[in-house]
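Just structure-v2.cif here, mmCIF, C-alpha atoms and all ligand atoms:
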```
data_upload
loop_
_atom_site.group_PDB
_atom_site.id
_atom_site.type_symbol
_atom_site.label_atom_id
_atom_site.label_comp_id
_atom_site.auth_asym_id
_atom_site.auth_seq_id
_atom_site.Cartn_x
_atom_site.Cartn_y
_atom_site.Cartn_z
ATOM 1 C CA MET Z 1 1.679 18.898 4.472
ATOM 2 C CA ASN Z 2 -0.705 18.176 7.336
ATOM 3 C CA ASP Z 3 -0.895 14.388 7.615
ATOM 4 C CA ASN Z 4 -3.115 14.373 10.719
ATOM 5 C CA TYR Z 5 -6.060 13.070 8.723
ATOM 6 C CA TYR Z 6 -5.135 9.413 9.315
ATOM 7 C CA LYS Z 7 -3.980 10.065 12.866
ATOM 8 C CA THR Z 8 -6.872 11.499 14.895
ATOM 9 C CA LYS Z 9 -9.801 9.484 16.248
ATOM 10 C CA LYS Z 10 -12.394 11.777 14.628
ATOM 11 C CA SER Z 11 -10.933 11.748 11.121
ATOM 12 C CA VAL Z 12 -10.107 8.033 11.256
ATOM 13 C CA GLU Z 13 -13.767 7.360 12.096
ATOM 14 C CA GLU Z 14 -14.794 9.599 9.173
ATOM 15 C CA TYR Z 15 -12.388 7.771 6.819
ATOM 16 C CA ILE Z 16 -13.664 4.335 7.884
ATOM 17 C CA LYS Z 17 -17.243 5.424 7.023
ATOM 18 C CA LEU Z 18 -16.215 6.965 3.684
ATOM 19 C CA ALA Z 19 -14.194 3.920 2.611
ATOM 20 C CA LYS Z 20 -16.503 1.193 3.854
ATOM 21 C CA ASP Z 21 -17.253 -0.127 0.344
ATOM 22 C CA VAL Z 22 -13.725 0.233 -1.045
ATOM 23 C CA HIS Z 23 -11.544 -2.867 -1.255
ATOM 24 C CA GLY Z 24 -8.721 -4.340 -3.304
ATOM 25 C CA GLU Z 25 -10.126 -7.787 -4.077
ATOM 26 C CA GLU Z 26 -9.448 -7.352 -7.802
ATOM 27 C CA LEU Z 27 -5.820 -6.377 -7.102
ATOM 28 C CA ILE Z 28 -5.263 -9.282 -4.735
ATOM 29 C CA GLU Z 29 -6.633 -11.676 -7.354
ATOM 30 C CA LYS Z 30 -4.037 -10.314 -9.819
ATOM 31 C CA LEU Z 31 -1.278 -10.649 -7.218
ATOM 32 C CA SER Z 32 -2.204 -14.307 -6.681
ATOM 33 C CA HIS Z 33 -0.954 -15.063 -10.221
ATOM 34 C CA PHE Z 34 2.559 -13.996 -9.231
ATOM 35 C CA LEU Z 35 2.907 -14.647 -5.486
ATOM 36 C CA PRO Z 36 2.258 -18.227 -4.293
ATOM 37 C CA SER Z 37 -0.301 -18.961 -1.562
ATOM 38 C CA ASN Z 38 1.005 -18.966 1.964
ATOM 39 C CA SER Z 39 3.868 -16.555 1.157
ATOM 40 C CA LEU Z 40 4.857 -14.137 3.909
ATOM 41 C CA LEU Z 41 3.446 -10.747 2.919
ATOM 42 C CA LEU Z 42 3.836 -7.280 4.426
ATOM 43 C CA GLU Z 43 0.962 -4.876 3.916
ATOM 44 C CA ILE Z 44 1.937 -1.185 4.084
ATOM 45 C CA GLY Z 45 -0.818 1.170 5.300
ATOM 46 C CA SER Z 46 -3.378 -1.432 6.411
ATOM 47 C CA GLY Z 47 -5.711 1.328 7.692
ATOM 48 C CA PRO Z 48 -9.156 -0.072 8.545
ATOM 49 C CA GLY Z 49 -7.922 -3.548 7.565
ATOM 50 C CA THR Z 50 -10.288 -4.258 4.686
ATOM 51 C CA ASP Z 51 -7.579 -5.562 2.332
ATOM 52 C CA PHE Z 52 -5.823 -7.214 5.279
ATOM 53 C CA GLN Z 53 -8.853 -9.501 5.741
ATOM 54 C CA ILE Z 54 -8.848 -10.470 2.052
ATOM 55 C CA LEU Z 55 -5.060 -10.998 1.946
ATOM 56 C CA LYS Z 56 -5.286 -13.260 4.990
ATOM 57 C CA LYS Z 57 -7.320 -15.814 3.045
ATOM 58 C CA GLU Z 58 -4.330 -16.418 0.748
ATOM 59 C CA TYR Z 59 -1.181 -15.347 2.602
ATOM 60 C CA ARG Z 60 0.586 -15.135 5.966
ATOM 61 C CA VAL Z 61 0.145 -11.389 6.340
ATOM 62 C CA VAL Z 62 1.834 -8.890 8.626
ATOM 63 C CA GLY Z 63 -0.121 -5.626 8.649
ATOM 64 C CA SER Z 64 1.368 -2.190 9.258
ATOM 65 C CA ASP Z 65 0.557 1.502 9.381
ATOM 66 C CA TYR Z 66 2.188 4.741 10.509
ATOM 67 C CA SER Z 67 -0.970 5.815 12.361
ATOM 68 C CA THR Z 68 -1.264 4.555 15.943
ATOM 69 C CA GLU Z 69 -4.984 5.296 15.761
ATOM 70 C CA PHE Z 70 -5.369 2.745 12.939
ATOM 71 C CA LEU Z 71 -2.834 0.341 14.497
ATOM 72 C CA ASN Z 72 -4.664 0.225 17.837
ATOM 73 C CA ARG Z 73 -7.910 -0.609 16.038
ATOM 74 C CA LEU Z 74 -6.218 -3.265 13.889
ATOM 75 C CA ILE Z 75 -4.716 -4.913 16.970
ATOM 76 C CA ARG Z 76 -8.055 -4.754 18.839
ATOM 77 C CA ASN Z 77 -9.973 -6.288 15.928
ATOM 78 C CA ASN Z 78 -7.397 -8.936 14.949
ATOM 79 C CA ALA Z 79 -6.001 -10.222 18.221
ATOM 80 C CA LYS Z 80 -4.252 -13.208 16.631
ATOM 81 C CA ASP Z 81 -2.480 -11.235 13.895
ATOM 82 C CA GLU Z 82 0.738 -9.286 13.796
ATOM 83 C CA PHE Z 83 1.053 -5.573 13.099
ATOM 84 C CA LEU Z 84 4.076 -3.279 12.825
ATOM 85 C CA ASN Z 85 4.306 0.476 13.268
ATOM 86 C CA LEU Z 86 5.954 1.381 9.966
ATOM 87 C CA ASP Z 87 6.278 4.527 7.908
ATOM 88 C CA ALA Z 88 6.187 3.638 4.212
ATOM 89 C CA ILE Z 89 9.151 5.932 3.546
ATOM 90 C CA THR Z 90 11.608 4.375 6.008
ATOM 91 C CA LEU Z 91 10.153 0.896 6.643
ATOM 92 C CA ARG Z 92 12.266 0.435 9.770
ATOM 93 C CA THR Z 93 12.182 -3.304 10.423
ATOM 94 C CA GLN Z 94 14.717 -6.125 10.246
ATOM 95 C CA ARG Z 95 12.051 -8.574 9.068
ATOM 96 C CA LYS Z 96 12.159 -10.137 5.575
ATOM 97 C CA PHE Z 97 9.152 -10.883 3.388
ATOM 98 C CA ASP Z 98 8.263 -12.730 0.163
ATOM 99 C CA GLY Z 99 5.932 -9.937 -0.901
ATOM 100 C CA ILE Z 100 4.895 -6.347 -0.116
ATOM 101 C CA PHE Z 101 1.395 -5.013 -0.827
ATOM 102 C CA SER Z 102 -0.240 -1.616 -0.545
ATOM 103 C CA ASN Z 103 -3.532 -0.304 -1.843
ATOM 104 C CA LYS Z 104 -3.796 3.480 -2.235
ATOM 105 C CA VAL Z 105 -1.060 4.352 0.228
ATOM 106 C CA LEU Z 106 2.038 5.323 -1.754
ATOM 107 C CA GLN Z 107 0.263 8.287 -3.421
ATOM 108 C CA HIS Z 108 0.848 10.068 -0.123
ATOM 109 C CA LEU Z 109 4.615 10.050 -0.796
ATOM 110 C CA THR Z 110 6.503 12.549 -2.956
ATOM 111 C CA ASP Z 111 8.564 11.003 -5.764
ATOM 112 C CA GLU Z 112 11.675 11.481 -3.634
ATOM 113 C CA GLU Z 113 10.050 9.709 -0.659
ATOM 114 C CA LEU Z 114 8.825 6.971 -2.987
ATOM 115 C CA ARG Z 115 12.403 6.427 -4.218
ATOM 116 C CA ARG Z 116 13.499 5.968 -0.588
ATOM 117 C CA SER Z 117 10.614 3.579 0.037
ATOM 118 C CA ILE Z 118 11.493 1.511 -3.039
ATOM 119 C CA LEU Z 119 15.097 1.068 -1.845
ATOM 120 C CA ARG Z 120 13.844 -0.073 1.583
ATOM 121 C CA GLN Z 121 11.366 -2.453 -0.058
ATOM 122 C CA VAL Z 122 14.294 -4.045 -1.915
ATOM 123 C CA ASP Z 123 16.052 -4.539 1.461
ATOM 124 C CA LEU Z 124 12.974 -6.097 3.090
ATOM 125 C CA LEU Z 125 12.303 -8.571 0.288
ATOM 126 C CA ASN Z 126 13.715 -12.051 -0.068
ATOM 127 C CA ASP Z 127 15.280 -12.949 -3.443
ATOM 128 C CA SER Z 128 12.735 -12.618 -6.271
ATOM 129 C CA GLY Z 129 10.282 -11.022 -3.830
ATOM 130 C CA VAL Z 130 7.123 -9.543 -5.334
ATOM 131 C CA ILE Z 131 5.546 -6.110 -4.824
ATOM 132 C CA CYS Z 132 1.973 -5.085 -5.605
ATOM 133 C CA HIS Z 133 0.989 -1.420 -5.235
ATOM 134 C CA SER Z 134 -1.874 0.728 -6.495
ATOM 135 C CA PHE Z 135 -1.813 4.436 -7.375
ATOM 136 C CA TRP Z 136 -4.139 7.175 -8.579
ATOM 137 C CA LYS Z 137 -3.493 7.702 -12.280
ATOM 138 C CA GLY Z 138 -2.686 11.166 -13.556
ATOM 139 C CA LYS Z 139 -0.100 13.908 -13.523
ATOM 140 C CA GLY Z 140 1.064 16.313 -10.827
ATOM 141 C CA GLU Z 141 -0.050 16.432 -7.233
ATOM 142 C CA GLU Z 142 -2.800 17.938 -5.087
ATOM 143 C CA LEU Z 143 -3.975 18.068 -1.503
ATOM 144 C CA PHE Z 144 -7.056 16.124 -0.375
ATOM 145 C CA LYS Z 145 -8.137 16.665 3.233
ATOM 146 C CA GLY Z 146 -4.653 18.031 3.870
ATOM 147 C CA LEU Z 147 -2.970 14.886 2.506
ATOM 148 C CA LEU Z 148 -0.674 14.802 -0.508
ATOM 149 C CA VAL Z 149 -2.012 12.943 -3.533
ATOM 150 C CA ASN Z 150 0.891 12.348 -5.911
ATOM 151 C CA TYR Z 151 -0.506 11.069 -9.210
ATOM 152 C CA GLN Z 152 1.464 8.584 -11.336
ATOM 153 C CA THR Z 153 1.456 7.445 -14.948
ATOM 154 C CA ASP Z 154 2.617 4.255 -16.605
ATOM 155 C CA GLU Z 155 5.856 6.047 -17.562
ATOM 156 C CA SER Z 156 6.518 7.606 -14.150
ATOM 157 C CA LEU Z 157 6.047 4.238 -12.417
ATOM 158 C CA ARG Z 158 8.377 2.472 -14.865
ATOM 159 C CA ASP Z 159 10.886 5.219 -14.204
ATOM 160 C CA LEU Z 160 10.585 4.941 -10.403
ATOM 161 C CA PHE Z 161 10.457 1.131 -10.041
ATOM 162 C CA GLY Z 162 12.170 -0.157 -13.205
ATOM 163 C CA ARG Z 163 15.736 -0.020 -11.921
ATOM 164 C CA ASN Z 164 15.043 -2.342 -8.948
ATOM 165 C CA PHE Z 165 12.029 -4.340 -10.116
ATOM 166 C CA GLU Z 166 11.142 -6.319 -13.216
ATOM 167 C CA ILE Z 167 7.673 -5.043 -14.072
ATOM 168 C CA LEU Z 168 5.367 -8.084 -14.264
ATOM 169 C CA LEU Z 169 2.110 -6.176 -14.675
ATOM 170 C CA LEU Z 170 1.237 -2.490 -15.011
ATOM 171 C CA GLU Z 171 -2.435 -1.896 -15.753
ATOM 172 C CA GLU Z 172 -5.122 0.705 -15.518
ATOM 173 C CA TYR Z 173 -8.211 -0.129 -13.481
ATOM 174 C CA THR Z 174 -11.295 1.653 -12.199
ATOM 175 C CA GLU Z 175 -11.807 2.592 -8.557
ATOM 176 C CA PHE Z 176 -14.455 5.338 -8.859
ATOM 177 C CA GLU Z 177 -14.142 6.734 -12.402
ATOM 178 C CA ASP Z 178 -13.105 5.042 -15.624
ATOM 179 C CA GLY Z 179 -9.381 4.216 -15.572
ATOM 180 C CA ASP Z 180 -8.611 6.411 -12.553
ATOM 181 C CA SER Z 181 -6.089 3.976 -11.032
ATOM 182 C CA LEU Z 182 -2.973 1.954 -11.796
ATOM 183 C CA ILE Z 183 -1.783 -1.364 -10.377
ATOM 184 C CA LEU Z 184 1.872 -2.286 -10.514
ATOM 185 C CA ILE Z 185 3.198 -5.784 -9.791
ATOM 186 C CA GLY Z 186 6.963 -6.276 -9.898
ATOM 187 C CA LYS Z 187 9.662 -8.792 -9.019
ATOM 188 C CA LYS Z 188 12.879 -7.833 -7.233
ATOM 189 C CA LYS Z 189 15.782 -7.918 -9.708
HETATM 190 C C1 LIG W 201 -6.407 4.575 1.671
HETATM 191 S S1 LIG W 201 -5.897 3.931 3.200
HETATM 192 C C2 LIG W 201 -5.532 2.249 2.825
HETATM 193 C C3 LIG W 201 -6.682 1.364 3.089
HETATM 194 C C4 LIG W 201 -6.362 -0.109 3.100
HETATM 195 N N1 LIG W 201 -5.821 -0.536 1.810
HETATM 196 C C5 LIG W 201 -7.587 -0.916 3.455
HETATM 197 O O1 LIG W 201 -7.736 -2.044 2.994
HETATM 198 O O2 LIG W 201 -8.416 -0.461 4.233
HETATM 199 C C6 LIG W 201 -4.300 4.603 3.383
HETATM 200 C C7 LIG W 201 -3.564 4.138 4.635
HETATM 201 O O3 LIG W 201 -2.190 4.467 4.469
HETATM 202 C C8 LIG W 201 -1.691 4.923 5.689
HETATM 203 N N2 LIG W 201 -0.535 5.766 5.359
HETATM 204 C C9 LIG W 201 -0.504 6.968 4.734
HETATM 205 N N3 LIG W 201 0.760 7.427 4.630
HETATM 206 C C10 LIG W 201 1.549 6.469 5.193
HETATM 207 C C11 LIG W 201 2.945 6.341 5.408
HETATM 208 N N4 LIG W 201 3.806 7.298 5.025
HETATM 209 N N5 LIG W 201 3.400 5.231 6.007
HETATM 210 C C12 LIG W 201 2.545 4.253 6.412
HETATM 211 N N6 LIG W 201 1.215 4.313 6.262
HETATM 212 C C13 LIG W 201 0.727 5.413 5.654
HETATM 213 C C14 LIG W 201 -2.825 5.656 6.346
HETATM 214 O O4 LIG W 201 -2.662 5.754 7.734
HETATM 215 C C15 LIG W 201 -4.002 4.763 5.937
HETATM 216 O O5 LIG W 201 -4.207 3.763 6.885
#
```

Give the structure from this file in structure tokens form.
Amino acid sequence: MNDNYYKTKKSVEEYIKLAKDVHGEELIEKLSHFLPSNSLLLEIGSGPGTDFQILKKEYRVVGSDYSTEFLNRLIRNNAKDEFLNLDAITLRTQRKFDGIFSNKVLQHLTDEELRRSILRQVDLLNDSGVICHSFWKGKGEELFKGLLVNYQTDESLRDLFGRNFEILLLEEYTEFEDGDSLILIGKKK
């Protein structure tokens, strides 16, 4: 897989334009029912920082991304905030968090990589920590602009997360087309 799309200046600028109206406000509202205000939250794949700005209203947020192109922009635009250079698969940090959030990031991982990520998320979370992740709903995988899109279903997500997380909410929602997405909120077992 060619994952340069999120890593070069030109394609990052293209992505920021394409995604300018996309945000996870609805997801963050759902998360607020399970994760108390002011909790310490890690965002995986903060990208342009749209969800980061919304999360900040409710939580103490640490942003992260694996793309230095995005990270440099995030740091430039949010001088008072903290950002980590993290790959979602390995999540190499010693820090602990009350919650972990991502919006349309983990579809770029194969199921095997997602299993590794889930085990690291367990390590990074405090007791009863809460995760909130969104996915594209469907079966199989495809490439979009050279990036892997690994679709998930209700069943596949229960299978992947159920061993380590109590599923608090697993719902379909609409990003672009009716019911094209899934949100999963879970609590560390
Ligand atoms: C669809 S964007 C997320 C947008 C973000 N939710 C927002 O509010 O703007 C996906 C982001 O995930 C990041 N990403 C993709 N694969 C990743 C990985 N393996 N580890 C960390 N970040 C990753 C990309 O660099 C990009 O910033």

Any chance you could work out the residue set of the PyMOL selection byres (((not hetatm)) within 7 of (chain W and resi 201)) here, as a tab-separated table (two decimals) with C-alpha atoms, in the coordinates of the input?
```
chain	number	residue	atom	x	y	z
Z	6	TYR	CA	-5.14	9.41	9.32
Z	7	LYS	CA	-3.98	10.06	12.87
Z	23	HIS	CA	-11.54	-2.87	-1.25
Z	24	GLY	CA	-8.72	-4.34	-3.30
Z	44	ILE	CA	1.94	-1.18	4.08
Z	45	GLY	CA	-0.82	1.17	5.30
Z	46	SER	CA	-3.38	-1.43	6.41
Z	47	GLY	CA	-5.71	1.33	7.69
Z	48	PRO	CA	-9.16	-0.07	8.54
Z	49	GLY	CA	-7.92	-3.55	7.56
Z	50	THR	CA	-10.29	-4.26	4.69
Z	51	ASP	CA	-7.58	-5.56	2.33
Z	52	PHE	CA	-5.82	-7.21	5.28
Z	65	ASP	CA	0.56	1.50	9.38
Z	66	TYR	CA	2.19	4.74	10.51
Z	67	SER	CA	-0.97	5.82	12.36
Z	70	PHE	CA	-5.37	2.74	12.94
Z	86	LEU	CA	5.95	1.38	9.97
Z	87	ASP	CA	6.28	4.53	7.91
Z	88	ALA	CA	6.19	3.64	4.21
Z	89	ILE	CA	9.15	5.93	3.55
Z	102	SER	CA	-0.24	-1.62	-0.55
Z	103	ASN	CA	-3.53	-0.30	-1.84
Z	104	LYS	CA	-3.80	3.48	-2.24
Z	105	VAL	CA	-1.06	4.35	0.23
Z	106	LEU	CA	2.04	5.32	-1.75
Z	108	HIS	CA	0.85	10.07	-0.12
Z	109	LEU	CA	4.62	10.05	-0.80
```

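Using the PyMOL selection byres (((chain Z and resi 61) around 6) and not hetatm) on this structure selects Z:Leu40, Z:Leu41, Z:Leu42, Z:Lys56, Z:Tyr59, Z:Arg60, Z:Val62.
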
**Message:** If I take CA of Ser156 (chain Z) and CA of Asp111 (chain Z), how far is one from the other in Å, to one decimal?
**Reply:**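 Here the two named atoms are 9.3 Å from each other.
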
**Message:** For this structure, which residues satisfy the selection - the PyMOL selection byres (((chain Z and resi 35) around 12) and not hetatm) - when it is evaluated on the file as given? I want them as an MDAnalysis selection string.
**Reply:** chainID Z and resid 28:34 36:41 55 58:60 97:101 128:132 168 185:187

**Request:** Can you work out which one of Z:Asn77, Z:Ser134, Z:Asn150, Z:Thr68 has the shortest atom-to-atom distance to Glu171 (chain Z), counting only C-alpha atoms?
**Result:**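 For Glu171 (chain Z), the nearest of the given residues is Z:Ser134.
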
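With distances taken over all atoms listed in the file, Z:Gln107 is the one residue among Z:Glu177, Z:Gly63, Z:Gln53, Z:Gln107 lying closest to Gly140 (chain Z).
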